[in-house]
Amino acid sequence: MTLPALAETRPPASLTMAAALNAAIQDAMRDDPTVVLFGEDVGPLGGVFRVTDGLYAEFGETRVSDSPLAESGIVGTAIGMAIYGLRPVVEMQFDAFSYPAFQQIVSHVAKMRNRTRGRISLPIVIRIPYAGDIGGVEHHSDSSEAYWTATPGLTVVSPSNPADAYSMLREAIRSDDPVIFMEPKSRYWSKAELSLPVQTAPMNTALVLREGTDVTLIAYGPTVKTALATAELAEAEGLSIEVIDLRSLSPFDDETVGASLRKTSRAAVVHEAAQFGGYGAEVAARLTERNFFHLAAPILRITGFDIPYPSPKLEEYFLPTPDRILAALGSWEWS
Amino acid sequence: MSLNVEHLPESTLSVPQPLRLIDDAGRAVAPDETGGLTLPDPATLLSLYRRMVVARRFDVQVTALTRQGRLATYPSALGQEACEIAAVAALDSGDWLFPTYRDSIALLTRGVKPEQILASFRGDWHSGYDAYEHKIAPQATPLATQALHAVGLATAAKLKRDSTVALTLLGDGATSEGDTHEALNFAAVWQAPVVFLVQNNQFAISVPLDKQMRCRTIADKAIGYGMPGYYVDGNDVAAMYAVTSAAVQNARAGQGPTLIEGLTYRMEAHTNSDDPSRYRDAGDLEIWRRRDPIARLDTFLSESGALSDRERADILLEAEDLAASTRDCMTRTAPVDPLELFDHLYATPRTALREQRDFLATELADYADHAAHAADATQSGATR
Ligand SMILES: Cc1ncc(C[n+]2csc(CCOP(=O)(O)OP(=O)(O)O)c2C)c(N)n1
């Protein structure tokens, strides 16, 4: 797969994830006049996280606009635009504020292609800044991924680093399927040296970020950093952890993750969202179904507690930490 | 045959001037220009003045504390005191208030303690105050959602034949949300005893009102739902109070809902993490400073002899006392218990959640043990 011709190639620079996302939208808009961007405060302000900074100035009101403050309206009108041939990229300002759009996403974005027997595709990207660890007050730290992954018809992805952020967002915008693009807020300011345009692995694949032999530790978005830190600590204790960054939550890359599990025979999945009915349940269930006879121990979920995300003062007790992950791994029988 | 739109009768409403009783300069508006409103009596005006001064001092203090890092965030209502205080003053003690994150000074005015108002803004996980004690719903952040709650509560009161009225505060941006429209329609259809008070501070974070709607006023929308709508000078507390208390009384008398728009201005940033220089003209601040709700009432009351220097000094003293106690309680660290996170989620306890609580308790105990050992080790190191 190759990228379409780009407006310009840039020299290497240190970029934050927010800047990489910004560049991805900018390049997509330069390359494809059907890409339009709208949402709350995405215009002159450049978004509350500045992910759309400068785009209003470059592309003007016709392609970048502040919409009325209504998420159902934002997604609903994006559907109409997509039917008419545009590629809308819309922003939900924060995870919990996507809920007014739930009906439009679940009843229409997800189902349109199916109910028109493939006639109407909706190439919409719904960007959702999600998860916590930024000291946000209530409703600003939800991990809403399981609502979307439980909905057939949606593609759900989440980058964990600036390079993937750029590459995956470009691919999401090019995709003819609607994509829920989940951006881990706590990683917005993480940096990498990048020379754009950068192309990483295809959006729907998982990546082994660190090889190991004893345990497969599965993470995505904000918990990838936690998983890598855990592997680092574990190594000192003589435990070899293989870290997988899922990148794509739906579809799930059975091949990559399954292969890793068959090698290590043990797996654990880490996410911020609550455990009950969370995304980890799907990971554990499908890996078990397909690899039962390779398993040396039950697949573990190290997640947030089954309570609403607690705001700033107590979030440290909620978030999965390397210590908590190592303690959980220690609970297995190691013979 | 084509229909020429120009031949259709006029279908728009006239552009009203906002209702007002005291103008920017602090002069009483001529009686034939008040739209039939009458000026509240001097004692009422003085009490509104006092509450606005105290509320502003609180607001300014909390903004300062937030800049010092004592709070995670604080959405200031600087400049919006007339709307906030009129809303509360118009209610009886048995009425209910449904506020947003913007309305901390309304809570203050209704008697909630600073440390309770600010609990969630300083990073606690709960709303901080007892909703039933104060008859104030938890401050709502998901925009416009609380408007439906207000309609529901008001309708319940009506069904029970109570005289309770509910008042909900909304921002101008929030009027774009579907919930606002559903709330207005439900209220009208059910003839709920509810008052919608929209503080039109002209911005939703960075987005100006002309990006939200094309009607000339928010109050105009009331017509479409079948309820009265009033466009009021939101920096004139006399007019805000006169209109809001009339709306509350009408609701109580069974006349149904009212929509009120107070035209005001958000003098501060949206919150401490916002930078208004990116989207609005600093010159506008100057214009709105000249329409300040407190300064104009001060002039009016002083010139009419209802506010003496002595009284003003007393009020300022009260405001300083409140600022000092707010500083005190915000600089003290409030204890938080992580285990309480598990205690209130369900009325019916769950074993699985109990297990998670126990898990965290064990983790915390182990951690405390470790810390104690580490401290012992450093101490014995130091004495050696
Ligand atoms: C449903 C929802 N969408 C988005 C937000 C994020 N948000 C918080 S405040 C705000 C602007 C609200 O403006 P307005 O209603 O005018 O009230 P103001 O803040 O000016 O008092 C936005 C977009 C939210 N809280 N809830």
# chains A, B, ... in the order shown; residues from 1 in each chain; ligands from 1
>>> interface_residues(of="chain A", to="chain B", cutoff="8 Å", atoms="only C-alpha atoms", output="list in words")
Glu40, Asp41, Pro44, Leu45, Val48, Asp66, Ser67, Pro68, Leu69, Ala70, Glu71, Ser72, Ala96, Phe97, Gly135, Gly136, Val137, Glu138, His139, Phe305, Asp306, Ile307, Pro310, Ser311, Pro312, Lys313, Leu314 and Tyr317 of chain A
>>> select_by_dssp(residues="segment 270-331 of chain A", states="alpha helix (DSSP H)", output="PyMOL selection string")
chain A and resi 279-291+315-318+322-330
>>> atom_distance(atom1="atom CA of Leu319 of chain A", atom2="atom CA of Asp133 of chain A")
7.8 Å
>>> residues_around(residues="Pro40 of chain B", least_positions_apart="6", cutoff="12 Å", atoms="only C-alpha atoms", output="ChimeraX atom specification")
/B:21-22,28,46-48,86,89-90,236-246,301
>>> write_last_selection(atoms="N, CA and C atoms", output="compact mmCIF listing (two decimals), in the first residue's frame")
# COMPACT_ATOMS: atom_id res chain seq x y z
N LEU B 21 -34.29 48.21 33.49
CA LEU B 21 -34.83 49.18 34.44
C LEU B 21 -33.79 50.21 34.85
N ILE B 22 -32.53 49.75 34.87
CA ILE B 22 -31.44 50.67 35.21
C ILE B 22 -30.43 50.59 34.08
N ALA B 28 -32.21 55.34 36.27
CA ALA B 28 -33.46 54.62 36.07
C ALA B 28 -33.96 54.86 34.65
N LEU B 46 -30.96 46.71 47.39
CA LEU B 46 -29.77 46.72 48.25
C LEU B 46 -29.33 45.29 48.55
N SER B 47 -30.30 44.44 48.78
CA SER B 47 -29.95 43.05 49.06
C SER B 47 -29.34 42.38 47.82
N LEU B 48 -29.86 42.68 46.65
CA LEU B 48 -29.27 42.14 45.42
C LEU B 48 -27.84 42.66 45.25
N ALA B 86 -29.98 37.15 40.47
CA ALA B 86 -31.43 37.29 40.25
C ALA B 86 -32.10 35.92 40.22
N ALA B 89 -32.41 34.82 43.80
CA ALA B 89 -33.27 35.69 44.60
C ALA B 89 -34.75 35.51 44.23
N ALA B 90 -35.00 35.09 43.01
CA ALA B 90 -36.39 34.95 42.58
C ALA B 90 -37.05 33.69 43.13
N ASP B 236 -28.41 44.06 34.16
CA ASP B 236 -29.26 44.91 34.99
C ASP B 236 -30.01 43.99 35.96
N VAL B 237 -29.52 43.94 37.18
CA VAL B 237 -30.08 42.98 38.12
C VAL B 237 -31.53 43.32 38.46
N ALA B 238 -31.87 44.60 38.38
CA ALA B 238 -33.25 45.00 38.69
C ALA B 238 -34.21 44.37 37.68
N ALA B 239 -33.87 44.48 36.41
CA ALA B 239 -34.73 43.90 35.37
C ALA B 239 -34.70 42.38 35.44
N MET B 240 -33.52 41.82 35.62
CA MET B 240 -33.42 40.35 35.70
C MET B 240 -34.27 39.83 36.86
N TYR B 241 -34.20 40.55 37.97
CA TYR B 241 -34.96 40.11 39.14
C TYR B 241 -36.46 40.26 38.88
N ALA B 242 -36.86 41.40 38.33
CA ALA B 242 -38.29 41.65 38.09
C ALA B 242 -38.87 40.60 37.15
N VAL B 243 -38.15 40.31 36.07
CA VAL B 243 -38.67 39.35 35.10
C VAL B 243 -38.65 37.93 35.67
N THR B 244 -37.54 37.56 36.30
CA THR B 244 -37.42 36.18 36.78
C THR B 244 -38.42 35.92 37.90
N SER B 245 -38.58 36.89 38.83
CA SER B 245 -39.55 36.59 39.89
C SER B 245 -40.98 36.55 39.34
N ALA B 246 -41.27 37.36 38.34
CA ALA B 246 -42.61 37.27 37.74
C ALA B 246 -42.81 35.90 37.09
N LEU B 301 -27.94 53.17 43.42
CA LEU B 301 -28.30 53.15 44.85
C LEU B 301 -27.67 54.32 45.59
>>> closest_residue(among="A:Arg247, A:Arg324, A:Arg262, A:His140", to="ligand 1", atoms="only C-alpha atoms and all ligand atoms")
A:His140
>>> closest_residue(among="A:Ala259, A:Pro123, A:Val42, A:Gln103", to="ligand 1", atoms="only C-alpha atoms and all ligand atoms")
A:Val42
>>> decode(residues="segment 44-82 of chain B", atoms="N, CA and C atoms", output="mmCIF file, in the first residue's frame")
data_model
loop_
_atom_site.group_PDB
_atom_site.id
_atom_site.type_symbol
_atom_site.label_atom_id
_atom_site.label_comp_id
_atom_site.auth_asym_id
_atom_site.auth_seq_id
_atom_site.Cartn_x
_atom_site.Cartn_y
_atom_site.Cartn_z
ATOM 1 N N THR B 44 -34.931 45.571 48.430
ATOM 2 C CA THR B 44 -34.634 44.421 47.567
ATOM 3 C C THR B 44 -33.385 44.707 46.737
ATOM 4 N N LEU B 45 -33.320 45.900 46.170
ATOM 5 C CA LEU B 45 -32.153 46.250 45.344
ATOM 6 C C LEU B 45 -30.872 46.217 46.168
ATOM 7 N N LEU B 46 -30.959 46.710 47.395
ATOM 8 C CA LEU B 46 -29.775 46.722 48.250
ATOM 9 C C LEU B 46 -29.331 45.290 48.548
ATOM 10 N N SER B 47 -30.302 44.436 48.780
ATOM 11 C CA SER B 47 -29.953 43.045 49.063
ATOM 12 C C SER B 47 -29.339 42.376 47.824
ATOM 13 N N LEU B 48 -29.864 42.681 46.646
ATOM 14 C CA LEU B 48 -29.267 42.141 45.419
ATOM 15 C C LEU B 48 -27.842 42.663 45.248
ATOM 16 N N TYR B 49 -27.664 43.945 45.550
ATOM 17 C CA TYR B 49 -26.338 44.560 45.450
ATOM 18 C C TYR B 49 -25.349 43.836 46.360
ATOM 19 N N ARG B 50 -25.776 43.668 47.619
ATOM 20 C CA ARG B 50 -24.879 43.018 48.577
ATOM 21 C C ARG B 50 -24.468 41.636 48.073
ATOM 22 N N ARG B 51 -25.449 40.877 47.606
ATOM 23 C CA ARG B 51 -25.138 39.512 47.174
ATOM 24 C C ARG B 51 -24.245 39.485 45.935
ATOM 25 N N MET B 52 -24.417 40.460 45.061
ATOM 26 C CA MET B 52 -23.543 40.508 43.877
ATOM 27 C C MET B 52 -22.102 40.833 44.260
ATOM 28 N N VAL B 53 -21.956 41.790 45.197
ATOM 29 C CA VAL B 53 -20.595 42.180 45.601
ATOM 30 C C VAL B 53 -19.887 40.999 46.258
ATOM 31 N N VAL B 54 -20.605 40.331 47.143
ATOM 32 C CA VAL B 54 -20.008 39.183 47.836
ATOM 33 C C VAL B 54 -19.663 38.077 46.826
ATOM 34 N N ALA B 55 -20.591 37.820 45.916
ATOM 35 C CA ALA B 55 -20.373 36.758 44.929
ATOM 36 C C ALA B 55 -19.168 37.075 44.047
ATOM 37 N N ARG B 56 -19.043 38.330 43.643
ATOM 38 C CA ARG B 56 -17.908 38.677 42.789
ATOM 39 C C ARG B 56 -16.589 38.489 43.524
ATOM 40 N N ARG B 57 -16.568 38.890 44.775
ATOM 41 C CA ARG B 57 -15.323 38.746 45.528
ATOM 42 C C ARG B 57 -14.918 37.270 45.610
ATOM 43 N N PHE B 58 -15.936 36.441 45.820
ATOM 44 C CA PHE B 58 -15.712 34.994 45.867
ATOM 45 C C PHE B 58 -15.157 34.501 44.526
ATOM 46 N N ASP B 59 -15.808 34.919 43.460
ATOM 47 C CA ASP B 59 -15.417 34.467 42.129
ATOM 48 C C ASP B 59 -13.969 34.860 41.809
ATOM 49 N N VAL B 60 -13.646 36.111 42.114
ATOM 50 C CA VAL B 60 -12.291 36.601 41.836
ATOM 51 C C VAL B 60 -11.273 35.821 42.680
ATOM 52 N N GLN B 61 -11.664 35.556 43.933
ATOM 53 C CA GLN B 61 -10.772 34.800 44.810
ATOM 54 C C GLN B 61 -10.531 33.386 44.270
ATOM 55 N N VAL B 62 -11.595 32.756 43.812
ATOM 56 C CA VAL B 62 -11.443 31.369 43.347
ATOM 57 C C VAL B 62 -10.616 31.333 42.058
ATOM 58 N N THR B 63 -10.814 32.319 41.180
ATOM 59 C CA THR B 63 -9.984 32.387 39.976
ATOM 60 C C THR B 63 -8.504 32.506 40.362
ATOM 61 N N ALA B 64 -8.237 33.346 41.370
ATOM 62 C CA ALA B 64 -6.843 33.508 41.810
ATOM 63 C C ALA B 64 -6.307 32.195 42.382
ATOM 64 N N LEU B 65 -7.103 31.531 43.184
ATOM 65 C CA LEU B 65 -6.661 30.252 43.761
ATOM 66 C C LEU B 65 -6.419 29.212 42.669
ATOM 67 N N THR B 66 -7.217 29.278 41.628
ATOM 68 C CA THR B 66 -7.040 28.332 40.531
ATOM 69 C C THR B 66 -5.721 28.606 39.816
ATOM 70 N N ARG B 67 -5.419 29.887 39.626
ATOM 71 C CA ARG B 67 -4.136 30.230 38.998
ATOM 72 C C ARG B 67 -2.964 29.731 39.837
ATOM 73 N N GLN B 68 -3.181 29.704 41.163
ATOM 74 C CA GLN B 68 -2.104 29.201 42.034
ATOM 75 C C GLN B 68 -2.070 27.677 42.083
ATOM 76 N N GLY B 69 -2.970 27.045 41.362
ATOM 77 C CA GLY B 69 -2.954 25.590 41.316
ATOM 78 C C GLY B 69 -3.742 24.910 42.421
ATOM 79 N N ARG B 70 -4.541 25.686 43.148
ATOM 80 C CA ARG B 70 -5.315 25.082 44.241
ATOM 81 C C ARG B 70 -6.552 24.341 43.743
ATOM 82 N N LEU B 71 -6.999 24.666 42.551
ATOM 83 C CA LEU B 71 -8.156 23.976 41.971
ATOM 84 C C LEU B 71 -7.767 23.428 40.605
ATOM 85 N N ALA B 72 -8.426 22.344 40.223
ATOM 86 C CA ALA B 72 -8.145 21.764 38.909
ATOM 87 C C ALA B 72 -8.665 22.675 37.808
ATOM 88 N N THR B 73 -9.826 23.252 38.050
ATOM 89 C CA THR B 73 -10.410 24.147 37.059
ATOM 90 C C THR B 73 -11.456 25.007 37.751
ATOM 91 N N TYR B 74 -11.759 26.183 37.166
ATOM 92 C CA TYR B 74 -12.860 26.981 37.683
ATOM 93 C C TYR B 74 -13.459 27.824 36.564
ATOM 94 N N PRO B 75 -14.693 27.546 36.212
ATOM 95 C CA PRO B 75 -15.374 28.378 35.223
ATOM 96 C C PRO B 75 -15.950 29.602 35.934
ATOM 97 N N SER B 76 -15.390 30.744 35.664
ATOM 98 C CA SER B 76 -15.779 31.973 36.359
ATOM 99 C C SER B 76 -17.073 32.552 35.802
ATOM 100 N N ALA B 77 -17.811 33.239 36.687
ATOM 101 C CA ALA B 77 -19.031 33.940 36.242
ATOM 102 C C ALA B 77 -18.844 35.441 36.380
ATOM 103 N N LEU B 78 -17.588 35.893 36.329
ATOM 104 C CA LEU B 78 -17.321 37.327 36.444
ATOM 105 C C LEU B 78 -18.081 38.091 35.359
ATOM 106 N N GLY B 79 -18.833 39.096 35.792
ATOM 107 C CA GLY B 79 -19.635 39.876 34.841
ATOM 108 C C GLY B 79 -21.060 39.366 34.699
ATOM 109 N N GLN B 80 -21.309 38.149 35.165
ATOM 110 C CA GLN B 80 -22.644 37.562 35.023
ATOM 111 C C GLN B 80 -23.409 37.554 36.347
ATOM 112 N N GLU B 81 -22.944 38.383 37.309
ATOM 113 C CA GLU B 81 -23.535 38.330 38.650
ATOM 114 C C GLU B 81 -25.028 38.657 38.650
ATOM 115 N N ALA B 82 -25.446 39.580 37.782
ATOM 116 C CA ALA B 82 -26.857 39.983 37.817
ATOM 117 C C ALA B 82 -27.763 38.795 37.491
#
